[in-house]
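Written out below as structure tokens is the structure these notes cover.
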Amino acid sequence: MLLSLLIIIPFFSGFFSFFSYRFHKNFPRWIALLGIILILLVIIQIFYQENYHFFQIKEYPHLDCQLIIPWISRFGIEFNIAIDGFSIIMLIFSALLSIIAVLCSWNEIKKNQGFFYLNFMFVLTGIIGVFIAFDLFLFFCFWEIMLFPMYFLIALWSDQTESNKNYLAANKFFLYGQTSGLILLSSILLLVFSHYQDTNVLTFNYNLLINAPINRYIEYIVMIGFFLSFAIKMPVVPFHGWLPDVHSQSVSCGTVEIIGVLLKTAPYALLRYNLVLFPFSTGKFSFFAMFLGLFTIFYASWLAFSQTNIKRLIAYSSISHMGLILIAIYSNSEIALQGVVIQILSNSLTTAALCILSGQLYKRFKTQDINDMGGLWHCIYWIPGFSLFFSLANLGIPGTGNFVGEFLILSGIFQVFPLISILATIGIIFSSIYSLNMMQKIFYGPCKRKFSIFFVNKQELWTIIVLILMLIFLGLNPQKIIDISYNSIHNIQKELNNST
Amino acid sequence: MIINLQQLTAMLPLLIIIFTAVTVILSISYNRNHFFIAVFSILGFMSTFCSLYLLTKIIPLDITVLFHIDGYSILYIGMIVISSICTCVFAYPWLLKYPFNKEEFYLLLIISNLGAMSLIISNHMASFFINIELLSLPMFGLIAYSSYQKHSLEASFKYIILSGISSSFLLLGIAWIYAISGNLDFLSVYDIFKIASKNEMLVILFGISMVLLSLFFKLSIVPFHLWTPDIYQGTPASVLSFFSTTGKIAIFSVLLHFLSHISDVDNKILYFILSLITIFSILFGNLMALFQENIKRLFGYASISQIGYLLIVFLGSNKNYLFSLETSAVYLYSYLFSNIACFGIINLISNSHKKNNANAIHSYQGLFWSQPLLSGLFTLVLLSLAGIPMTLGFIGKFYILSIIMKEHLWIIGFSFLIGTLLGLYCYLRIILNLYLNPPKLLKNDLNISRNWFYTPSGIVICILGMILLILGIYPNPLISLVKLAI
């Protein structure tokens, strides 16, 4: 029953925060924060209940805690939510990042707070749902539902001076997201109906579909459908058009939510669905996917180099890291898959932190243009240092989680595809170039304009310090994360190996 | 001709409606009382709806040669009665402001409803033709009811002329079929396919395509769609909630009935034409809707594509015939509820508009901040029309996509995806408008009273919205109802 709370709490706290706006202006944000903390507590409770540290010997499908309620029996759809090691990590992590997102919108969002937090909590509901849904129909529903509140977050609370651009970006986001959703729905239906034809069992249940033999051609089509839909969300290069726009237009809280949590649903789904449901065709497809990943790394980092808008730069760097994750997912090596988990977490921490920092800069200087800034080191306390730390973390210095992630991924790939690993390593050089370039242009050098010296307020300081601590924790003690998720990752990889 | 008690019971909905119509006529001629007539016609519709329950025990049944009632016709009649009830409720506050004779509106509505109901159960070419006319003739009057407004007469005239042409095509087609079959029964059409020679086949095919052409015109499918946006623009919103549902549902059901008899015949040409028409109406309707500034025109174009989605049902093979029936019923229910609610809301808003024309999309700007509940409901309805999960519209789309995937109709599926995306963008424009900041320079013309919620139309809109949401999350009741009727 604890599991259903994970859906119920954010949903209703969204509602409450909307209606509490009438009573007091500040109620919504407190309710939202309280809701997320409650979710975190529930997750931790589940975590300790199931004793993830000690026994991990159960057979796959290893779902420790499952709730199944029949839903639409005509199609064999169930309300089936469950949790395993991998999803519990993603859940804890998205709850933590959401707390930070709420904190950094604490004073920023002044108008229509109630509606803002309603949307925010609904996005969170969708994301949590994606992580715990084990019925394909349910998964699709959550996948679609989080688009809509996100659309409002982008369209309504961004910088109102250029509202036309906002709507354009929001529409772009929505249409890309909807395309991804429709492709996903059609592929799910194709999978389910071909399963129905073979076995006469109409079901959307993940665990039943895993073991189902499907026609090879159908499997291929469905796999490509799933891949396309996740690649749009991820985003991988030919489908990445929405991210930089959305990213540069939305408020810093919105971007934290997008980059930190929303984008991470796609690699999660790739691991959970693509690899396990279609092991045969994944093996054949992996070369192409890796090529796309490599292309993404280079293309995005080169484009990042030429950006003049900080947020677009961060967006491109995030895309480029997604390329690395994509390669690792398709590399069929267990070490790389474990690296993916670490990399997903640490990469979103870094980019989220950079977004927050750039949001703070924007608050003071009212510009996101790199060329307008310069020599800011003299006039701000804390922010330049933090930025330096996070951009170094972004390119993976030892001691941070990014290093561990990249190291695991690259060494994992090296055992299987040495050449690709070497090429991917070169990508890191480019990422260091654009990071340093950004640092140099914004914080060092001569002042372009006269800025008065200012301090960062305590709350902003603490959010960043928490992020730093989380990142260093990931860097120093990644074994914890690997242990928790080991079983699920191991099973995914085993599934893949058995078939090829 | 002898009619036994069972057949008389089966005629009960029609008899009640006829009785209501007669009473309304007499009441008008004796003493005009708007309130009495409105309440009486609503009560008449409600008792019709209740009488449907008596029918469930005796179906399937032939009532003379002309009519045939089965579970499906009861479902569809139910839809039509619901739409009529809602229209009466929505029209009442609108008619209160109407300067001329108010009561005839209900009369026209009742007669048109009678036509629709008997069209659904008709099983014979004669009743088929007469009831199509009975359905559409009062419609002219309804469309032109607000004849003092700008586009109203134009719309009505367009519809009269084009509808007349389509009726003549229908007669022509029936005559061609009759020339070979020598019988006006629907079943004879089916039989004749088995025995006709090659030359005769050609004549029958021509006849059938004439009949189809006229039906497609009434459904406003792509090559015959040009009238739709103009007529939607000129029609009052309360009439639209009737016009866009009743006419289309009744005619679709008769099309389903008609085509079900010839679907056994594996006819390549018909299939090809159908799929071409489907693809074009999905794409074209949505594409044109993108560029509309008038909200009614937008829904006019969108309705083309919505009926286009529905036509996919016909492309399912015999193997999945029952599933197609189920799909069409579920989809039509979602279409019914969303359309009625949509036009109900538009009607409510334009009634409280000072100049009585809240037709441009931007006149809805910032509605959310003054009317959160109403625009929340509007958003829900639009989402349902666009087919977003957790609304009933999504269940309908889901069914249709299931047919596409079951039958591997790749090209149709592709156009379906593109059409859905385009359509989504149209609805998104309206939705975004609701949530923008209200315009400062323009003085807001809308003054919706705060207690709109307590008016009958407000309650109806809320109920419909709740139905859309609840059935969207938990569609089992609807599905089992539809499955009962098969």
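Chain labels run A, B, ... following the order of the structure tokens; each chain numbers its residues from 1, and ligands are numbered from 1 in the order shown.
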Tell me, counting only C-alpha atoms, for each residue of chain B within 8 Å of chain A, which pair of atoms is nearest and how far apart they are in Å to one decimal, in rows ordered by chain and increasing number, as a Markdown table.
| residue | atom | partner | partner_atom | distance |
| --- | --- | --- | --- | --- |
| B:Ile388 | CA | A:Glu144 | CA | 7.5 |
| B:Pro389 | CA | A:Cys141 | CA | 5.8 |
| B:Met390 | CA | A:Cys141 | CA | 7.6 |
| B:Leu401 | CA | A:Ser186 | CA | 7.0 |
| B:Ser402 | CA | A:Leu189 | CA | 6.4 |
| B:Met405 | CA | A:Leu190 | CA | 5.4 |
| B:Lys406 | CA | A:Phe193 | CA | 6.3 |
| B:Leu417 | CA | A:Leu182 | CA | 6.7 |
| B:Leu421 | CA | A:Thr179 | CA | 6.9 |
| B:Tyr425 | CA | A:Leu175 | CA | 7.4 |
| B:Tyr435 | CA | A:Leu156 | CA | 7.8 |
| B:Leu436 | CA | A:Leu156 | CA | 7.1 |
| B:Tyr474 | CA | A:Ile72 | CA | 7.0 |
| B:Pro475 | CA | A:Ile72 | CA | 6.8 |
| B:Asn476 | CA | A:Ile72 | CA | 5.9 |
| B:Ile479 | CA | A:Arg74 | CA | 7.5 |
Output the selection as a compact mmCIF listing (two decimals), in the first residue's frame - all heavy atoms for each residue.
# COMPACT_ATOMS: atom_id res chain seq x y z
N ILE B 388 -5.94 13.08 -25.04
CA ILE B 388 -4.87 12.97 -24.07
C ILE B 388 -5.32 11.98 -22.99
O ILE B 388 -6.50 11.96 -22.65
CB ILE B 388 -4.60 14.34 -23.42
CG1 ILE B 388 -4.28 15.37 -24.48
CG2 ILE B 388 -3.48 14.29 -22.42
CD1 ILE B 388 -2.92 15.30 -25.04
N PRO B 389 -4.42 11.16 -22.47
CA PRO B 389 -4.81 10.17 -21.47
C PRO B 389 -5.56 10.78 -20.30
O PRO B 389 -5.40 11.95 -20.00
CB PRO B 389 -3.48 9.60 -21.00
CG PRO B 389 -2.57 9.77 -22.11
CD PRO B 389 -3.01 10.97 -22.85
N MET B 390 -6.34 9.91 -19.63
CA MET B 390 -7.17 10.27 -18.50
C MET B 390 -8.42 11.02 -18.91
O MET B 390 -9.13 11.55 -18.07
CB MET B 390 -6.43 11.13 -17.45
CG MET B 390 -5.24 10.46 -16.85
SD MET B 390 -5.71 9.15 -15.77
CE MET B 390 -4.35 8.03 -16.03
N LEU B 401 -6.72 3.24 -32.54
CA LEU B 401 -5.34 2.83 -32.77
C LEU B 401 -5.20 1.31 -32.66
O LEU B 401 -4.41 0.69 -33.37
CB LEU B 401 -4.43 3.53 -31.76
CG LEU B 401 -2.98 3.72 -32.17
CD1 LEU B 401 -2.92 4.47 -33.47
CD2 LEU B 401 -2.22 4.45 -31.12
N SER B 402 -6.01 0.71 -31.78
CA SER B 402 -5.97 -0.75 -31.67
C SER B 402 -6.39 -1.39 -32.98
O SER B 402 -5.78 -2.36 -33.42
CB SER B 402 -6.92 -1.24 -30.59
OG SER B 402 -6.72 -0.56 -29.43
N MET B 405 -3.60 -1.13 -35.43
CA MET B 405 -2.50 -2.04 -35.16
C MET B 405 -2.90 -3.49 -35.40
O MET B 405 -2.12 -4.30 -35.84
CB MET B 405 -2.05 -1.88 -33.70
CG MET B 405 -1.31 -0.60 -33.47
SD MET B 405 0.17 -0.56 -34.48
CE MET B 405 0.33 1.17 -34.74
N LYS B 406 -4.16 -3.80 -35.09
CA LYS B 406 -4.60 -5.17 -35.31
C LYS B 406 -4.61 -5.51 -36.79
O LYS B 406 -4.28 -6.62 -37.19
CB LYS B 406 -6.01 -5.34 -34.75
CG LYS B 406 -6.05 -5.91 -33.36
CD LYS B 406 -7.47 -6.25 -33.00
CE LYS B 406 -7.49 -6.95 -31.67
NZ LYS B 406 -8.84 -7.10 -31.16
N LEU B 417 -1.40 9.38 -36.99
CA LEU B 417 -0.44 10.01 -36.07
C LEU B 417 -0.25 11.48 -36.43
O LEU B 417 -0.32 12.35 -35.55
CB LEU B 417 0.90 9.30 -36.14
CG LEU B 417 0.94 7.89 -35.56
CD1 LEU B 417 2.35 7.39 -35.50
CD2 LEU B 417 0.33 7.88 -34.19
N LEU B 421 -1.35 14.80 -34.20
CA LEU B 421 -0.41 15.84 -33.79
C LEU B 421 -0.90 17.22 -34.20
O LEU B 421 -0.90 18.16 -33.40
CB LEU B 421 0.95 15.60 -34.45
CG LEU B 421 1.85 14.67 -33.69
CD1 LEU B 421 3.15 14.51 -34.44
CD2 LEU B 421 2.11 15.25 -32.33
N TYR B 425 -2.20 20.46 -31.85
CA TYR B 425 -1.67 21.82 -31.90
C TYR B 425 -2.82 22.83 -31.93
O TYR B 425 -2.74 23.87 -31.29
CB TYR B 425 -0.78 21.96 -33.12
CG TYR B 425 0.00 23.23 -33.13
CD1 TYR B 425 1.11 23.38 -32.31
CD2 TYR B 425 -0.37 24.29 -33.94
CE1 TYR B 425 1.81 24.55 -32.30
CE2 TYR B 425 0.34 25.46 -33.93
CZ TYR B 425 1.43 25.58 -33.12
OH TYR B 425 2.15 26.75 -33.10
N TYR B 435 -5.11 30.34 -20.53
CA TYR B 435 -4.24 30.50 -19.36
C TYR B 435 -3.33 31.72 -19.45
O TYR B 435 -2.56 31.96 -18.55
CB TYR B 435 -3.40 29.24 -19.16
CG TYR B 435 -4.23 28.09 -18.72
CD1 TYR B 435 -4.82 27.25 -19.64
CD2 TYR B 435 -4.46 27.85 -17.38
CE1 TYR B 435 -5.61 26.21 -19.25
CE2 TYR B 435 -5.25 26.81 -16.97
CZ TYR B 435 -5.82 25.98 -17.91
OH TYR B 435 -6.61 24.96 -17.52
N LEU B 436 -3.42 32.45 -20.55
CA LEU B 436 -2.56 33.63 -20.66
C LEU B 436 -3.03 34.72 -19.70
O LEU B 436 -4.10 34.61 -19.10
CB LEU B 436 -2.63 34.17 -22.08
CG LEU B 436 -1.95 33.33 -23.13
CD1 LEU B 436 -2.11 33.99 -24.47
CD2 LEU B 436 -0.49 33.20 -22.79
N TYR B 474 -11.61 5.44 -15.65
CA TYR B 474 -12.14 4.10 -15.41
C TYR B 474 -13.22 3.80 -16.44
O TYR B 474 -14.41 3.98 -16.17
CB TYR B 474 -12.69 4.02 -13.99
CG TYR B 474 -12.97 2.62 -13.55
CD1 TYR B 474 -11.93 1.75 -13.27
CD2 TYR B 474 -14.27 2.16 -13.43
CE1 TYR B 474 -12.19 0.46 -12.89
CE2 TYR B 474 -14.53 0.87 -13.04
CZ TYR B 474 -13.49 0.02 -12.77
OH TYR B 474 -13.75 -1.27 -12.39
N PRO B 475 -12.83 3.39 -17.64
CA PRO B 475 -13.82 3.25 -18.72
C PRO B 475 -14.62 1.97 -18.68
O PRO B 475 -15.44 1.74 -19.55
CB PRO B 475 -12.95 3.29 -19.98
CG PRO B 475 -11.66 2.74 -19.55
CD PRO B 475 -11.48 3.11 -18.11
N ASN B 476 -14.40 1.13 -17.67
CA ASN B 476 -15.07 -0.17 -17.67
C ASN B 476 -16.60 -0.10 -17.79
O ASN B 476 -17.17 -0.91 -18.52
CB ASN B 476 -14.70 -0.94 -16.40
CG ASN B 476 -13.34 -1.53 -16.53
OD1 ASN B 476 -12.72 -1.38 -17.57
ND2 ASN B 476 -12.84 -2.18 -15.51
N ILE B 479 -17.47 0.45 -21.41
CA ILE B 479 -17.11 -0.69 -22.26
C ILE B 479 -18.07 -1.84 -22.04
O ILE B 479 -18.54 -2.47 -22.99
CB ILE B 479 -15.66 -1.12 -21.97
CG1 ILE B 479 -14.69 -0.04 -22.44
CG2 ILE B 479 -15.34 -2.42 -22.69
CD1 ILE B 479 -13.27 -0.31 -22.06
Contacts of Trp377 (chain A) within 7 Å, only C-alpha atoms, excl. fewer than 3 positions in-chain, as a PDB file with N, CA, C and O atoms, in the first residue's frame:
ATOM      1  N   ILE A 380      31.126  39.119  -7.627  1.00  0.00           N
ATOM      2  CA  ILE A 380      30.196  38.220  -6.934  1.00  0.00           C
ATOM      3  C   ILE A 380      31.001  37.343  -5.997  1.00  0.00           C
ATOM      4  O   ILE A 380      32.106  36.922  -6.319  1.00  0.00           O
ATOM      5  N   PRO A 384      31.093  32.329  -8.788  1.00  0.00           N
ATOM      6  CA  PRO A 384      32.159  31.897  -9.713  1.00  0.00           C
ATOM      7  C   PRO A 384      32.847  30.622  -9.255  1.00  0.00           C
ATOM      8  O   PRO A 384      33.083  29.727 -10.074  1.00  0.00           O
ATOM      9  N   PHE A 443      33.702  34.711 -16.208  1.00  0.00           N
ATOM     10  CA  PHE A 443      34.210  35.098 -14.892  1.00  0.00           C
ATOM     11  C   PHE A 443      35.584  35.750 -14.906  1.00  0.00           C
ATOM     12  O   PHE A 443      35.924  36.468 -13.998  1.00  0.00           O
ATOM     13  N   TYR A 444      36.381  35.458 -15.897  1.00  0.00           N
ATOM     14  CA  TYR A 444      37.739  36.018 -15.899  1.00  0.00           C
ATOM     15  C   TYR A 444      37.817  37.174 -16.863  1.00  0.00           C
ATOM     16  O   TYR A 444      36.833  37.563 -17.490  1.00  0.00           O
TER      17      TYR A 444
END
Do you know which residues are at most 9 Å from Leu3 (chain A) counting only C-alpha atoms, after dropping those on the same chain fewer than 4 positions away, and could you put them as a PyMOL selection string?
-> chain A and resi 7+42-43+46+65-67+81-83+132
With a distance cut-off of 8 Å and only C-alpha atoms, select the neighbouring residues of Ile473 (chain B), excluding the residue or stretch itself and same-chain residues fewer than 2 positions from it, and output the selection as number ranges by chain.
-> B: 390-392, 469-471, 475
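Minimum distance to Phe105 (chain B) across B:Asn131, B:Ser136, B:Ser370, B:Thr87 (counting only C-alpha atoms) occurs at B:Thr87.
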Please identify which residues in region 113-335 of chain A DSSP calls helix (DSSP H, G or I) from the backbone, and express them as a VMD selection string.
-> chain A and resid 113 to 132 136 to 145 147 to 156 160 to 199 206 to 210 216 to 233 237 to 239 242 to 249 252 to 262 265 to 277 279 to 306 310 to 329 334 to 335
List the neighbours of Gly376 (chain B) out to 12 Å using only C-alpha atoms; skip same-chain residues closer than 6 positions along the sequence, and give me the result as a PyMOL selection string.
-> (chain A and resi 115) or (chain B and resi 342+345+366-370+382-383+431-432+434-435+461-462+465-466+469)
Would you mind exporting the chosen residues as a compact mmCIF listing (two decimals), in the first residue's frame, restricted to N, CA, C and O atoms?
# COMPACT_ATOMS: atom_id res chain seq x y z
N PHE A 115 -1.14 27.80 -8.89
CA PHE A 115 -1.17 27.07 -10.15
C PHE A 115 0.21 26.54 -10.50
O PHE A 115 0.35 25.43 -11.02
N CYS B 342 -18.34 20.90 -25.11
CA CYS B 342 -17.59 21.98 -25.74
C CYS B 342 -18.52 23.09 -26.18
O CYS B 342 -18.34 24.26 -25.83
N ILE B 345 -20.17 24.96 -23.35
CA ILE B 345 -19.33 25.98 -22.72
C ILE B 345 -19.25 27.21 -23.60
O ILE B 345 -19.38 28.35 -23.11
N GLY B 366 -7.17 34.56 -21.07
CA GLY B 366 -7.14 34.84 -19.64
C GLY B 366 -8.40 34.46 -18.90
O GLY B 366 -8.63 34.94 -17.80
N LEU B 367 -9.19 33.58 -19.50
CA LEU B 367 -10.43 33.19 -18.84
C LEU B 367 -10.16 32.47 -17.53
O LEU B 367 -10.92 32.60 -16.57
N PHE B 368 -9.04 31.76 -17.49
CA PHE B 368 -8.76 30.93 -16.32
C PHE B 368 -8.69 31.76 -15.04
O PHE B 368 -9.13 31.33 -13.99
N TRP B 369 -8.14 32.94 -15.17
CA TRP B 369 -7.88 33.70 -13.94
C TRP B 369 -9.14 34.31 -13.38
O TRP B 369 -9.20 34.67 -12.21
N SER B 370 -10.19 34.43 -14.22
CA SER B 370 -11.45 34.90 -13.64
C SER B 370 -12.42 33.75 -13.40
O SER B 370 -13.22 33.80 -12.49
N LEU B 382 -11.30 20.01 -24.15
CA LEU B 382 -10.39 20.11 -25.30
C LEU B 382 -9.39 18.98 -25.27
O LEU B 382 -9.04 18.40 -26.31
N LEU B 383 -8.91 18.64 -24.08
CA LEU B 383 -7.97 17.52 -23.98
C LEU B 383 -8.63 16.24 -24.43
O LEU B 383 -8.01 15.40 -25.08
N ILE B 431 -6.23 26.20 -25.60
CA ILE B 431 -5.93 25.97 -24.20
C ILE B 431 -4.96 27.02 -23.68
O ILE B 431 -5.15 27.60 -22.61
N LEU B 432 -3.93 27.30 -24.45
CA LEU B 432 -2.93 28.27 -24.01
C LEU B 432 -3.59 29.63 -23.83
O LEU B 432 -3.29 30.36 -22.88
N LEU B 434 -6.51 30.25 -22.87
CA LEU B 434 -7.27 30.31 -21.62
C LEU B 434 -6.38 30.71 -20.46
O LEU B 434 -6.81 31.34 -19.52
N TYR B 435 -5.11 30.34 -20.53
CA TYR B 435 -4.24 30.50 -19.36
C TYR B 435 -3.33 31.72 -19.45
O TYR B 435 -2.56 31.96 -18.55
N ILE B 461 -23.02 20.98 -17.87
CA ILE B 461 -21.62 21.02 -18.30
C ILE B 461 -20.74 20.31 -17.28
O ILE B 461 -19.85 19.53 -17.63
N CYS B 462 -20.99 20.58 -16.00
CA CYS B 462 -20.17 19.93 -14.97
C CYS B 462 -20.33 18.42 -15.01
O CYS B 462 -19.35 17.69 -14.91
N GLY B 465 -18.43 17.09 -17.90
CA GLY B 465 -16.99 17.11 -17.63
C GLY B 465 -16.60 15.97 -16.70
O GLY B 465 -15.61 15.28 -16.94
N MET B 466 -17.41 15.76 -15.67
CA MET B 466 -17.10 14.67 -14.75
C MET B 466 -17.15 13.32 -15.48
O MET B 466 -16.31 12.46 -15.26
N LEU B 469 -14.04 12.81 -17.45
CA LEU B 469 -12.87 12.49 -16.62
C LEU B 469 -12.98 11.09 -16.03
O LEU B 469 -12.05 10.28 -16.12
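Among the candidates B:Gly316, B:Pro229, B:Gly247, B:Pro456, the one nearest to Gln292 (chain B) when counting only C-alpha atoms is B:Pro229.
Running DSSP on the backbone gives strand (DSSP E or B) for these residues within region 133-351 of chain A: Ala133, Asp135, Asn205 and Asn309 of chain A.
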Which residues come within 7 Å of region 269-282 of chain A, counting only C-alpha atoms, excluding same-chain residues fewer than 6 positions away, as a list in words?
-> Ile210, Glu219, Tyr220, Met223, Phe226, Phe227, Phe230, Ile329, Ile492, Glu495, Leu496, Ser499 and Thr500 of chain A
For the residues in that selection, give me C-alpha atoms as a compact mmCIF listing (two decimals), in the first residue's frame.
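Now in again.txt:
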# COMPACT_ATOMS: atom_id res chain seq x y z
CA ILE A 210 9.24 -10.04 -21.27
CA GLU A 219 10.05 -7.12 -32.73
CA TYR A 220 12.29 -5.03 -34.93
CA MET A 223 11.95 -1.85 -30.92
CA PHE A 226 10.36 2.46 -28.61
CA PHE A 227 13.83 3.67 -29.41
CA PHE A 230 12.81 7.52 -26.03
CA ILE A 329 23.30 1.52 -22.70
CA ILE A 492 18.84 -6.56 -17.46
CA GLU A 495 18.53 -10.95 -20.22
CA LEU A 496 20.44 -9.34 -23.03
CA SER A 499 19.51 -14.00 -26.21
CA THR A 500 22.58 -13.04 -28.18
Might you pull out every residue within 8 Å of region 245-250 of chain A, with only C-alpha atoms counted and same-chain residues fewer than 3 positions away left off, and present them as number ranges by chain?
-> A: 153-155, 157-159, 165-166, 169-170, 172-173, 241-242, 254-255, 309, 311-312, 315
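Each of B:Ile412, B:Met288, B:Met201, B:Leu54 was compared to Cys426 (chain B) using only C-alpha atoms, and B:Met288 turns out to be the nearest.
Take CA of Gly308 (chain B) and CA of Phe284 (chain B): the distance between them is 9.7 Å.
Shortest atom-to-atom contact with Leu255 (chain B) among B:Tyr178, B:Phe140, B:Phe280, B:Phe128: B:Phe128, counting only C-alpha atoms.
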In terms of only C-alpha atoms, the residue from A:Ser387, A:Gln360, A:Asn332, A:Ser252 at minimal distance from Phe455 (chain A) is A:Gln360
